[in-house]
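Undergrad: Okay, handing you the structure first.
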Amino acid sequence: MSKEQFLLQRVDNDEIKIANEVYSCRLSPFDADLQKVGQYLTQAILLEVSTHPKPGLVTRLSNGAHKDMSIFTFMMSSAVLSKAFNDLQDIGQAHRGTLAELFCKLRSYGVGAEAELLRVTKGVNTQRGILFAGGIVSAVSGYAMNMGLSRDALLPLIKEMAAGLVARELKNLDHAAMTAGEKLYYKYGITGIRGEVENGFPSVVNYGLPALEDAFDKGATINDALVHALISLMTVVEDSNVIWRTDYDTLLEVQRIAKNILSLGSVFAEKGRMAIAETERYFLQRHISPGGSADLLSVAITLYLLEHKEFPRDIF
């Protein structure tokens, strides 16, 4: 080996060593599972929209109670959301300030992402709720990585960042310029997705995730497990989408119907499956669409994957 070849090989080896050291330093301080939150969220929104039957909601086989959207509309917007989730995770990881400052960055980014979402869907609101909720999960996961924290810190950090969110954004409103969500808070006290985020997704933690775990323990397919988790969420979620399309009494009716489905065995029993099919027909007649529960189902899927990394092997 010539002197020149030896020096070149040494330089190459030194560069590889430095690269490996940098990579190790970048990975070692934080829970590497958090790196996949953007991926998990993308998988979650695609799984959610593909699941069937979901009473009143868009699925791979039905447009639900919607005349202006289909699974193709969701595919277009899901691509936008996938980029947003990964961008916001990067923003969170690069952030060096407070959680309050990170929330301002998230809100600023969200304006452009929402505009792009509406552009690709020709103005149809498909997934604004999960853009907000998933965006927060993404940004905070990046922040947790930057701080060298584990996935167990994710929900406490979300609660910390969103503390006072309802009071800031839904109280003392200008009634002449209220959004749909703000009007529902003013009239009914419904906090919607803001309330879920501020409280660390209690519906997901206490209903959606346990329902997924229970379904998989019983050997359910991924489709049936997600249907079961959705029904479980519908029993408690203050779904602003239901109220906005109908009224508050209908939300209470939706919750009662969902509880009845669970009492009949949900997807695990013939009576439960028949009740789900009957609910689908009824929701179509009444134009009921529990979109808020669907958004939280996506969050539940994401947190399940963050915990388990994958679904059981025999579910497909």
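By order in the structure tokens, chains are A, B, ...; within a chain, residues start at 1; ligands start at 1, following the order shown.
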Neighbouring residues of Ser50 in chain A were defined as those with any atom within 7 Å, considering only C-alpha atoms; residues of the same chain fewer than 4 positions away were excluded. Please report them as a JSON list (two decimals) with C-alpha atoms, in the first residue's frame.
TA:
```
[["chain", "number", "residue", "atom", "x", "y", "z"],
["A", 46, "LEU", "CA", -54.69, 5.56, 6.97],
["A", 59, "THR", "CA", -64.42, 3.97, 5.21],
["A", 60, "ARG", "CA", -62.85, 1.94, 2.44]]
```
Undergrad: Residues within 9 Å of Ile130 in chain A, please, as a PyMOL selection string. Count only C-alpha atoms; anything in the same chain fewer than 6 positions from it doesn't count.
TA: chain A and resi 45+81+193+292+294-296+298-299
Undergrad: Have a look at CA of Arg128 in chain A and CA of Thr42 in chain A and let me know their distance in Å, one decimal.
TA: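 Atom-to-atom, CA of Arg128 in chain A and CA of Thr42 in chain A are spaced 14.1 Å apart.
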Undergrad: Taking 2 positions as the minimum chain separation for residues in the same chain, which residues sit within 12 Å of Glu253 in chain A when counting only C-alpha atoms? Answer as a list in words.
TA: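 My reading of the contact set: Met234, Thr235, Val236, Glu238, Asp239, Val242, Ile243, Thr246, Asp247, Tyr248, Asp249, Thr250, Leu251, Gln255, Arg256, Ile257, Ala258, Lys259, Asn260, Thr279, Tyr282, Phe283, Arg286, Ile288 and Pro290 of chain A.
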Undergrad: List the neighbours of Lys105 in chain A out to 10 Å using only C-alpha atoms; skip same-chain residues closer than 6 positions along the sequence, and give me the result as a list of chain:residue names.
TA: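 Near Lys105 in chain A, the qualifying residues are A:Leu88, A:Ile91, A:Gly92, A:His95, A:Leu99, A:Ala139.
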Undergrad: Quick one: everything within 7 Å of Leu230 in chain A, counting only C-alpha atoms, minus sequence neighbours fewer than 3 positions away in the same chain. Send it as a ChimeraX atom specification.
TA: /A:208,226-227,233-234,293-294,297
Undergrad: Pull all heavy atoms from the residues just selected and write them as a compact mmCIF listing (two decimals), in the first residue's frame.
TA:
```
# COMPACT_ATOMS: atom_id res chain seq x y z
N GLY A 208 -60.19 4.32 24.53
CA GLY A 208 -59.69 3.86 23.24
C GLY A 208 -58.59 2.83 23.34
O GLY A 208 -58.66 1.74 22.74
N LEU A 226 -60.22 -2.00 15.66
CA LEU A 226 -60.39 -0.56 15.49
C LEU A 226 -61.85 -0.17 15.55
O LEU A 226 -62.20 0.89 16.09
CB LEU A 226 -59.75 -0.10 14.18
CG LEU A 226 -58.24 -0.31 14.07
CD1 LEU A 226 -57.69 0.30 12.78
CD2 LEU A 226 -57.51 0.26 15.28
N VAL A 227 -62.74 -0.99 15.01
CA VAL A 227 -64.17 -0.72 15.14
C VAL A 227 -64.57 -0.72 16.61
O VAL A 227 -65.28 0.18 17.08
CB VAL A 227 -65.01 -1.77 14.36
CG1 VAL A 227 -66.50 -1.60 14.68
CG2 VAL A 227 -64.79 -1.64 12.86
N LEU A 233 -64.86 4.70 22.23
CA LEU A 233 -64.66 6.15 22.28
C LEU A 233 -65.97 6.90 22.16
O LEU A 233 -66.21 7.90 22.85
CB LEU A 233 -63.69 6.58 21.18
CG LEU A 233 -62.22 6.22 21.40
CD1 LEU A 233 -61.44 6.36 20.10
CD2 LEU A 233 -61.62 7.11 22.48
N MET A 234 -66.84 6.42 21.31
CA MET A 234 -68.13 7.09 21.08
C MET A 234 -69.00 7.14 22.33
O MET A 234 -69.90 7.97 22.44
CB MET A 234 -68.88 6.40 19.94
CG MET A 234 -68.33 6.70 18.56
SD MET A 234 -68.97 5.58 17.27
CE MET A 234 -70.75 5.73 17.49
N SER A 293 -64.60 11.34 17.39
CA SER A 293 -64.19 10.02 17.89
C SER A 293 -63.20 9.38 16.92
O SER A 293 -62.26 8.69 17.34
CB SER A 293 -65.42 9.12 18.07
OG SER A 293 -66.26 9.61 19.09
N ALA A 294 -63.42 9.59 15.62
CA ALA A 294 -62.50 9.03 14.62
C ALA A 294 -61.10 9.63 14.78
O ALA A 294 -60.09 8.92 14.67
CB ALA A 294 -63.04 9.30 13.22
N LEU A 297 -59.50 8.02 17.64
CA LEU A 297 -59.09 6.66 17.30
C LEU A 297 -57.69 6.67 16.69
O LEU A 297 -56.85 5.81 17.00
CB LEU A 297 -60.08 6.03 16.32
CG LEU A 297 -59.71 4.64 15.79
CD1 LEU A 297 -59.55 3.63 16.92
CD2 LEU A 297 -60.76 4.15 14.78
```
Undergrad: Kindly assemble as CSV a list of the range 28-134 of chain A residues that lie within 9 Å of range 142-150 of chain A, each paired with its nearest atom pair and their distance in Å to one decimal, using only C-alpha atoms, sorted first by chain and then by ascending residue number.
TA:
```
residue,atom,partner,partner_atom,distance
A:Ser28,CA,A:Gly148,CA,8.2
A:Pro29,CA,A:Gly148,CA,4.6
A:Phe30,CA,A:Gly148,CA,4.0
A:Asp31,CA,A:Ser150,CA,4.7
A:Ala32,CA,A:Met145,CA,7.9
A:Asp33,CA,A:Ser150,CA,8.4
A:Leu34,CA,A:Met145,CA,6.7
A:Gln35,CA,A:Gly142,CA,7.5
A:Val37,CA,A:Gly142,CA,8.7
A:Leu88,CA,A:Gly142,CA,7.7
A:Gln89,CA,A:Gly142,CA,4.5
A:Asp90,CA,A:Gly142,CA,6.1
A:Ile91,CA,A:Gly142,CA,7.1
A:Gly92,CA,A:Gly142,CA,4.3
A:Gln93,CA,A:Gly142,CA,4.0
A:Ala94,CA,A:Asn146,CA,7.1
A:His95,CA,A:Tyr143,CA,6.7
A:Arg96,CA,A:Asn146,CA,8.4
A:Leu99,CA,A:Tyr143,CA,8.3
A:Leu102,CA,A:Tyr143,CA,8.5
```
Undergrad: From the DSSP assignment of the backbone, select every residue of range 82-275 of chain A that is alpha helix (DSSP H), and format the answer as number ranges by chain.
TA: A: 82-94, 99-120, 128-146, 154-162, 165-170, 180-188, 192-198, 202-203, 209-217, 222-234, 240-245, 248-263, 270-275
Undergrad: So how many Å separate CA of Arg194 in chain A and CA of Phe103 in chain A, to one decimal?
TA: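 Taking CA of Arg194 in chain A as the start and CA of Phe103 in chain A as the end point, the length is 12.8 Å.
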Undergrad: Between A:Ala79, A:Ala167, A:Leu118, A:Val137, which residue has the minimum interatomic distance to Gly38 in chain A, considering only C-alpha atoms?
TA: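 Among the listed residues, A:Val137 lies closest to Gly38 in chain A.
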Undergrad: Can you measure CA of Thr126 in chain A to CA of Leu170 in chain A for me? One decimal in Å is fine.
TA: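 Straight-line distance from CA of Thr126 in chain A to CA of Leu170 in chain A works out to 22.5 Å.
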Undergrad: Would you kindly return, as JSON, numbers by chain, each protein, DNA or RNA residue with an atom no farther than 9 Å from any atom of Met161 in chain A, considering only C-alpha atoms and excluding same-chain residues fewer than 4 positions away?
TA: {"A": [98, 99, 100, 102, 103, 140, 156, 157, 165, 198]}
Undergrad: So that I have them on file, write out the residues from the current selection with all heavy atoms, as a PDB file, in the first residue's frame.
TA:
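Saved file selection-v8.pdb follows:
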```
ATOM      1  N   THR A  98     -39.290  27.277  25.390  1.00  0.00           N
ATOM      2  CA  THR A  98     -40.286  26.693  26.279  1.00  0.00           C
ATOM      3  C   THR A  98     -41.355  25.947  25.481  1.00  0.00           C
ATOM      4  O   THR A  98     -41.465  26.096  24.257  1.00  0.00           O
ATOM      5  CB  THR A  98     -40.974  27.789  27.102  1.00  0.00           C
ATOM      6  OG1 THR A  98     -41.732  28.634  26.206  1.00  0.00           O
ATOM      7  CG2 THR A  98     -39.955  28.621  27.858  1.00  0.00           C
ATOM      8  N   LEU A  99     -42.167  25.183  26.205  1.00  0.00           N
ATOM      9  CA  LEU A  99     -43.283  24.488  25.554  1.00  0.00           C
ATOM     10  C   LEU A  99     -44.305  25.487  25.025  1.00  0.00           C
ATOM     11  O   LEU A  99     -44.926  25.253  23.985  1.00  0.00           O
ATOM     12  CB  LEU A  99     -43.933  23.522  26.541  1.00  0.00           C
ATOM     13  CG  LEU A  99     -43.198  22.206  26.768  1.00  0.00           C
ATOM     14  CD1 LEU A  99     -43.773  21.466  27.965  1.00  0.00           C
ATOM     15  CD2 LEU A  99     -43.264  21.319  25.522  1.00  0.00           C
ATOM     16  N   ALA A 100     -44.486  26.584  25.723  1.00  0.00           N
ATOM     17  CA  ALA A 100     -45.417  27.617  25.256  1.00  0.00           C
ATOM     18  C   ALA A 100     -44.952  28.200  23.927  1.00  0.00           C
ATOM     19  O   ALA A 100     -45.753  28.442  23.016  1.00  0.00           O
ATOM     20  CB  ALA A 100     -45.550  28.716  26.301  1.00  0.00           C
ATOM     21  N   LEU A 102     -43.055  26.610  21.802  1.00  0.00           N
ATOM     22  CA  LEU A 102     -43.226  25.551  20.811  1.00  0.00           C
ATOM     23  C   LEU A 102     -44.664  25.517  20.313  1.00  0.00           C
ATOM     24  O   LEU A 102     -44.906  25.304  19.118  1.00  0.00           O
ATOM     25  CB  LEU A 102     -42.843  24.195  21.410  1.00  0.00           C
ATOM     26  CG  LEU A 102     -43.051  22.970  20.506  1.00  0.00           C
ATOM     27  CD1 LEU A 102     -42.242  23.094  19.219  1.00  0.00           C
ATOM     28  CD2 LEU A 102     -42.672  21.683  21.256  1.00  0.00           C
ATOM     29  N   PHE A 103     -45.621  25.715  21.216  1.00  0.00           N
ATOM     30  CA  PHE A 103     -47.022  25.717  20.807  1.00  0.00           C
ATOM     31  C   PHE A 103     -47.294  26.836  19.800  1.00  0.00           C
ATOM     32  O   PHE A 103     -48.054  26.642  18.844  1.00  0.00           O
ATOM     33  CB  PHE A 103     -47.928  25.887  22.027  1.00  0.00           C
ATOM     34  CG  PHE A 103     -49.390  25.758  21.721  1.00  0.00           C
ATOM     35  CD1 PHE A 103     -49.950  24.510  21.505  1.00  0.00           C
ATOM     36  CD2 PHE A 103     -50.207  26.869  21.623  1.00  0.00           C
ATOM     37  CE1 PHE A 103     -51.301  24.371  21.204  1.00  0.00           C
ATOM     38  CE2 PHE A 103     -51.550  26.749  21.331  1.00  0.00           C
ATOM     39  CZ  PHE A 103     -52.109  25.499  21.117  1.00  0.00           C
ATOM     40  N   VAL A 140     -44.486  17.542  20.288  1.00  0.00           N
ATOM     41  CA  VAL A 140     -44.054  17.228  21.650  1.00  0.00           C
ATOM     42  C   VAL A 140     -43.154  15.994  21.670  1.00  0.00           C
ATOM     43  O   VAL A 140     -42.226  15.899  22.487  1.00  0.00           O
ATOM     44  CB  VAL A 140     -45.272  17.056  22.576  1.00  0.00           C
ATOM     45  CG1 VAL A 140     -44.844  16.576  23.958  1.00  0.00           C
ATOM     46  CG2 VAL A 140     -46.020  18.380  22.705  1.00  0.00           C
ATOM     47  N   PRO A 156     -47.668  13.640  29.691  1.00  0.00           N
ATOM     48  CA  PRO A 156     -47.482  14.729  30.651  1.00  0.00           C
ATOM     49  C   PRO A 156     -46.990  16.023  30.005  1.00  0.00           C
ATOM     50  O   PRO A 156     -47.419  17.117  30.395  1.00  0.00           O
ATOM     51  CB  PRO A 156     -46.436  14.155  31.624  1.00  0.00           C
ATOM     52  CG  PRO A 156     -46.656  12.679  31.569  1.00  0.00           C
ATOM     53  CD  PRO A 156     -46.993  12.395  30.136  1.00  0.00           C
ATOM     54  N   LEU A 157     -46.105  15.913  29.017  1.00  0.00           N
ATOM     55  CA  LEU A 157     -45.618  17.109  28.328  1.00  0.00           C
ATOM     56  C   LEU A 157     -46.727  17.778  27.520  1.00  0.00           C
ATOM     57  O   LEU A 157     -46.811  19.009  27.452  1.00  0.00           O
ATOM     58  CB  LEU A 157     -44.455  16.752  27.406  1.00  0.00           C
ATOM     59  CG  LEU A 157     -43.102  16.496  28.069  1.00  0.00           C
ATOM     60  CD1 LEU A 157     -42.095  16.000  27.039  1.00  0.00           C
ATOM     61  CD2 LEU A 157     -42.580  17.752  28.759  1.00  0.00           C
ATOM     62  N   LEU A 165     -55.363  25.915  27.716  1.00  0.00           N
ATOM     63  CA  LEU A 165     -55.729  26.093  26.309  1.00  0.00           C
ATOM     64  C   LEU A 165     -57.202  26.455  26.138  1.00  0.00           C
ATOM     65  O   LEU A 165     -57.551  27.368  25.378  1.00  0.00           O
ATOM     66  CB  LEU A 165     -55.417  24.811  25.524  1.00  0.00           C
ATOM     67  CG  LEU A 165     -55.784  24.792  24.038  1.00  0.00           C
ATOM     68  CD1 LEU A 165     -55.012  25.865  23.281  1.00  0.00           C
ATOM     69  CD2 LEU A 165     -55.513  23.411  23.443  1.00  0.00           C
ATOM     70  N   GLU A 198     -55.768  19.264  26.251  1.00  0.00           N
ATOM     71  CA  GLU A 198     -55.379  19.895  27.516  1.00  0.00           C
ATOM     72  C   GLU A 198     -55.331  18.886  28.660  1.00  0.00           C
ATOM     73  O   GLU A 198     -54.517  19.006  29.575  1.00  0.00           O
ATOM     74  CB  GLU A 198     -56.360  21.024  27.860  1.00  0.00           C
ATOM     75  CG  GLU A 198     -55.979  21.753  29.146  1.00  0.00           C
ATOM     76  CD  GLU A 198     -56.817  22.995  29.391  1.00  0.00           C
ATOM     77  OE1 GLU A 198     -57.583  23.415  28.509  1.00  0.00           O
ATOM     78  OE2 GLU A 198     -56.690  23.557  30.512  1.00  0.00           O
TER      79      GLU A 198
END
```
